[in-house]
Amino acid sequence: MNWMGGGGEPRLVLVRHGATEWSQNGRHTSHTDLPLLTSGVTRARALAPVLGAMHFARVLSSPLQRARRTAGLAGFGDRVEVLPALTEWDYGHYEGKTSEEIWRERPGWELWRDGAPGGESPAQVAARVDGVIDEAVRADGDVLIFAHGHVLRVLAARWAGGDVTLGARLALDPATISILGHEHDTRVLERWNASAG
């Protein structure tokens with residue numbers, strides 16, 4: 001697989017953190033600062049050879065330990081810049097709940113459309129992510145970003161010119177690599193949800 005690219009505007013290389021207990025059992029995890037599982041550590045380490053073959057002008061991470069630890073295990077702990085705007089979608093009252101539990105309380109609920117009571121709306125997450133994109137494209141080369149499933153899916157949706165709801169169609173596994181690049185002058189999803197292996 002060719003991970004190298006080029007062009008004018010930088011590419012954004014996205015890495016979802018390794019697995020945690022809640023990501024493994026489908027619980028919405030925003031500010032709850034869970035450690036990686038042993039399997040999450042193993043998969044995060046497997047990212048190092050692939051990412052180490054690339055050059056990055058900047059390395060950004062969510063402040064939460066699961067993202068920062070993944071960055072360190074992938075070989076970028078000494079370069080990572082913590083960016084609070086990369087924190088996961090704030091799930092408010094739905095923190096720690098599975099979708100099935102939420103649907104029992106609120107049938108038909110959809111995060112991408114409805115947001116989370118006591119947390120963030122889709123518009124709030126989109127605005128936060130738009131700021132990340134604006135900052136990242138000012139870099140003098142490709143930018144590596146370590147963060148979380150939903151916020152990275154919103155980032156990809158906004159990069160591709162869509163609204164937040166496009167993120168619902170972009171499944172993203174733990175410890176995977178995705179590349180937001182370009183075709184001519186158009187921003188595109190160059191690679192998505194690729195394992196290091």
# chains A, B, ... in the order shown; residues from 1 in each chain; ligands from 1

$ residues_around --residues "Asp78 of chain A" --least-positions-apart "6" --cutoff "10 Å" --atoms "only C-alpha atoms" --output "VMD selection string"
chain A and resid 59 71 to 72

$ closest_residue --among "A:Gln65, A:Thr70, A:Asn193, A:Gln124" --to "Thr32 of chain A" --atoms "only C-alpha atoms"
A:Gln65

$ closest_residue --among "A:Pro174, A:Gly96, A:Pro107, A:Gly181" --to "Ala156 of chain A" --atoms "only C-alpha atoms"
A:Gly181

$ residues_around --residues "Ala74 of chain A" --least-positions-apart "6" --cutoff "7 Å" --atoms "only C-alpha atoms" --output "PyMOL selection string"
chain A and resi 44-45+47-48

$ residues_around --residues "Gly149 of chain A" --least-positions-apart "3" --cutoff "7 Å" --atoms "only C-alpha atoms" --output "VMD selection string"
chain A and resid 16 152 to 153 172

$ select_by_dssp --residues "segment 49-163 of chain A" --states "helix (DSSP H, G or I)" --output "PyMOL selection string"
chain A and resi 49-52+65-73+84-86+92-94+99-105+111-114+122-136+149-159

$ residues_around --residues "Trp159 of chain A" --least-positions-apart "5" --cutoff "9 Å" --atoms "only C-alpha atoms" --output "PyMOL selection string"
chain A and resi 130+133+154+180-181+187-189

$ write_last_selection --atoms "all heavy atoms" --output "mmCIF file, in the first residue's frame"
data_model
loop_
_atom_site.group_PDB
_atom_site.id
_atom_site.type_symbol
_atom_site.label_atom_id
_atom_site.label_comp_id
_atom_site.auth_asym_id
_atom_site.auth_seq_id
_atom_site.Cartn_x
_atom_site.Cartn_y
_atom_site.Cartn_z
ATOM 1 N N ASP A 130 -14.117 22.285 12.220
ATOM 2 C CA ASP A 130 -13.731 23.232 11.170
ATOM 3 C C ASP A 130 -12.515 24.040 11.600
ATOM 4 O O ASP A 130 -11.625 24.335 10.789
ATOM 5 C CB ASP A 130 -14.893 24.168 10.836
ATOM 6 C CG ASP A 130 -16.014 23.485 10.058
ATOM 7 O OD1 ASP A 130 -15.824 22.337 9.589
ATOM 8 O OD2 ASP A 130 -17.094 24.101 9.925
ATOM 9 N N ILE A 133 -9.416 21.867 11.122
ATOM 10 C CA ILE A 133 -9.026 21.819 9.710
ATOM 11 C C ILE A 133 -8.329 23.115 9.310
ATOM 12 O O ILE A 133 -7.265 23.091 8.676
ATOM 13 C CB ILE A 133 -10.240 21.536 8.804
ATOM 14 C CG1 ILE A 133 -10.764 20.117 9.046
ATOM 15 C CG2 ILE A 133 -9.880 21.740 7.328
ATOM 16 C CD1 ILE A 133 -12.087 19.807 8.365
ATOM 17 N N VAL A 154 -16.531 13.181 11.978
ATOM 18 C CA VAL A 154 -17.014 14.530 11.656
ATOM 19 C C VAL A 154 -15.945 15.287 10.876
ATOM 20 O O VAL A 154 -16.241 15.966 9.881
ATOM 21 C CB VAL A 154 -17.404 15.300 12.937
ATOM 22 C CG1 VAL A 154 -17.739 16.755 12.611
ATOM 23 C CG2 VAL A 154 -18.583 14.632 13.629
ATOM 24 N N LEU A 180 -6.901 11.999 4.621
ATOM 25 C CA LEU A 180 -7.696 13.006 3.934
ATOM 26 C C LEU A 180 -6.752 13.752 2.999
ATOM 27 O O LEU A 180 -5.820 14.419 3.452
ATOM 28 C CB LEU A 180 -8.329 13.974 4.942
ATOM 29 C CG LEU A 180 -9.128 13.325 6.075
ATOM 30 C CD1 LEU A 180 -9.736 14.397 6.968
ATOM 31 C CD2 LEU A 180 -10.194 12.385 5.533
ATOM 32 N N GLY A 181 -6.983 13.588 1.710
ATOM 33 C CA GLY A 181 -6.068 14.156 0.731
ATOM 34 C C GLY A 181 -6.801 14.957 -0.328
ATOM 35 O O GLY A 181 -7.815 15.605 -0.040
ATOM 36 N N ARG A 187 -10.837 18.317 -2.103
ATOM 37 C CA ARG A 187 -10.525 17.528 -0.909
ATOM 38 C C ARG A 187 -11.300 16.209 -0.971
ATOM 39 O O ARG A 187 -12.503 16.201 -1.228
ATOM 40 C CB ARG A 187 -10.917 18.288 0.355
ATOM 41 C CG ARG A 187 -10.020 19.484 0.632
ATOM 42 C CD ARG A 187 -10.508 20.241 1.849
ATOM 43 N NE ARG A 187 -9.597 21.314 2.212
ATOM 44 C CZ ARG A 187 -9.830 22.180 3.195
ATOM 45 N NH1 ARG A 187 -10.945 22.076 3.922
ATOM 46 N NH2 ARG A 187 -8.955 23.121 3.473
ATOM 47 N N VAL A 188 -10.592 15.106 -0.736
ATOM 48 C CA VAL A 188 -11.197 13.775 -0.831
ATOM 49 C C VAL A 188 -10.752 12.905 0.334
ATOM 50 O O VAL A 188 -9.769 13.193 1.013
ATOM 51 C CB VAL A 188 -10.816 13.075 -2.166
ATOM 52 C CG1 VAL A 188 -11.300 13.869 -3.364
ATOM 53 C CG2 VAL A 188 -9.306 12.831 -2.245
ATOM 54 N N LEU A 189 -11.487 11.808 0.541
ATOM 55 C CA LEU A 189 -11.062 10.756 1.453
ATOM 56 C C LEU A 189 -10.182 9.819 0.635
ATOM 57 O O LEU A 189 -10.663 9.041 -0.170
ATOM 58 C CB LEU A 189 -12.266 10.005 2.025
ATOM 59 C CG LEU A 189 -12.961 10.641 3.220
ATOM 60 C CD1 LEU A 189 -13.532 12.001 2.892
ATOM 61 C CD2 LEU A 189 -14.048 9.726 3.746
#

$ closest_atom_pairs --of "segment 67-180 of chain A" --to "segment 26-31 of chain A" --cutoff "9 Å" --atoms "only C-alpha atoms" --output "tab-separated table"
residue	atom	partner	partner_atom	distance
A:Thr87	CA	A:Ser30	CA	7.2
A:Glu88	CA	A:Ser30	CA	5.0
A:Trp89	CA	A:Ser30	CA	6.0
A:Asp90	CA	A:Ser30	CA	5.5
A:Tyr91	CA	A:Ser30	CA	6.3
A:Gly92	CA	A:Ser30	CA	8.5
A:Tyr94	CA	A:His28	CA	6.9
A:Glu95	CA	A:His28	CA	5.4
A:Gly96	CA	A:Arg27	CA	5.0
A:Lys97	CA	A:Arg27	CA	5.0
A:Thr98	CA	A:Arg27	CA	4.5
A:Ser99	CA	A:Arg27	CA	7.5
A:His148	CA	A:Ser30	CA	8.6

$ write_last_selection --atoms "C-alpha atoms" --output "PDB file, in the first residue's frame"
ATOM      1  CA  THR A  87     -11.526  15.837  22.262  1.00  0.00           C
ATOM      2  CA  GLU A  88     -14.308  13.383  21.472  1.00  0.00           C
ATOM      3  CA  TRP A  89     -17.899  14.582  20.916  1.00  0.00           C
ATOM      4  CA  ASP A  90     -19.338  15.534  24.320  1.00  0.00           C
ATOM      5  CA  TYR A  91     -22.092  12.982  24.931  1.00  0.00           C
ATOM      6  CA  GLY A  92     -23.446  14.770  28.004  1.00  0.00           C
ATOM      7  CA  TYR A  94     -25.366   9.761  27.337  1.00  0.00           C
ATOM      8  CA  GLU A  95     -21.764   9.325  28.497  1.00  0.00           C
ATOM      9  CA  GLY A  96     -21.093   5.659  29.216  1.00  0.00           C
ATOM     10  CA  LYS A  97     -24.318   4.430  27.616  1.00  0.00           C
ATOM     11  CA  THR A  98     -24.657   2.185  24.588  1.00  0.00           C
ATOM     12  CA  SER A  99     -26.884   3.167  21.667  1.00  0.00           C
ATOM     13  CA  HIS A 148     -11.484   9.558  18.620  1.00  0.00           C
TER      14      HIS A 148
END

$ closest_residue --among "A:Leu14, A:Ala139, A:Ala175, A:Ala19" --to "Pro35 of chain A" --atoms "only C-alpha atoms"
A:Ala19

$ residues_around --residues "Gly18 of chain A" --least-positions-apart "4" --cutoff "9 Å" --atoms "only C-alpha atoms" --output "JSON, numbers by chain"
{"A": [23, 36, 37, 39, 40, 41, 42, 43, 44, 66, 67, 69, 70, 173, 174, 175, 176]}

$ residues_around --residues "Asp163 of chain A" --least-positions-apart "6" --cutoff "9 Å" --atoms "only C-alpha atoms" --output "JSON, numbers by chain"
{"A": [122, 123, 126, 154, 157]}
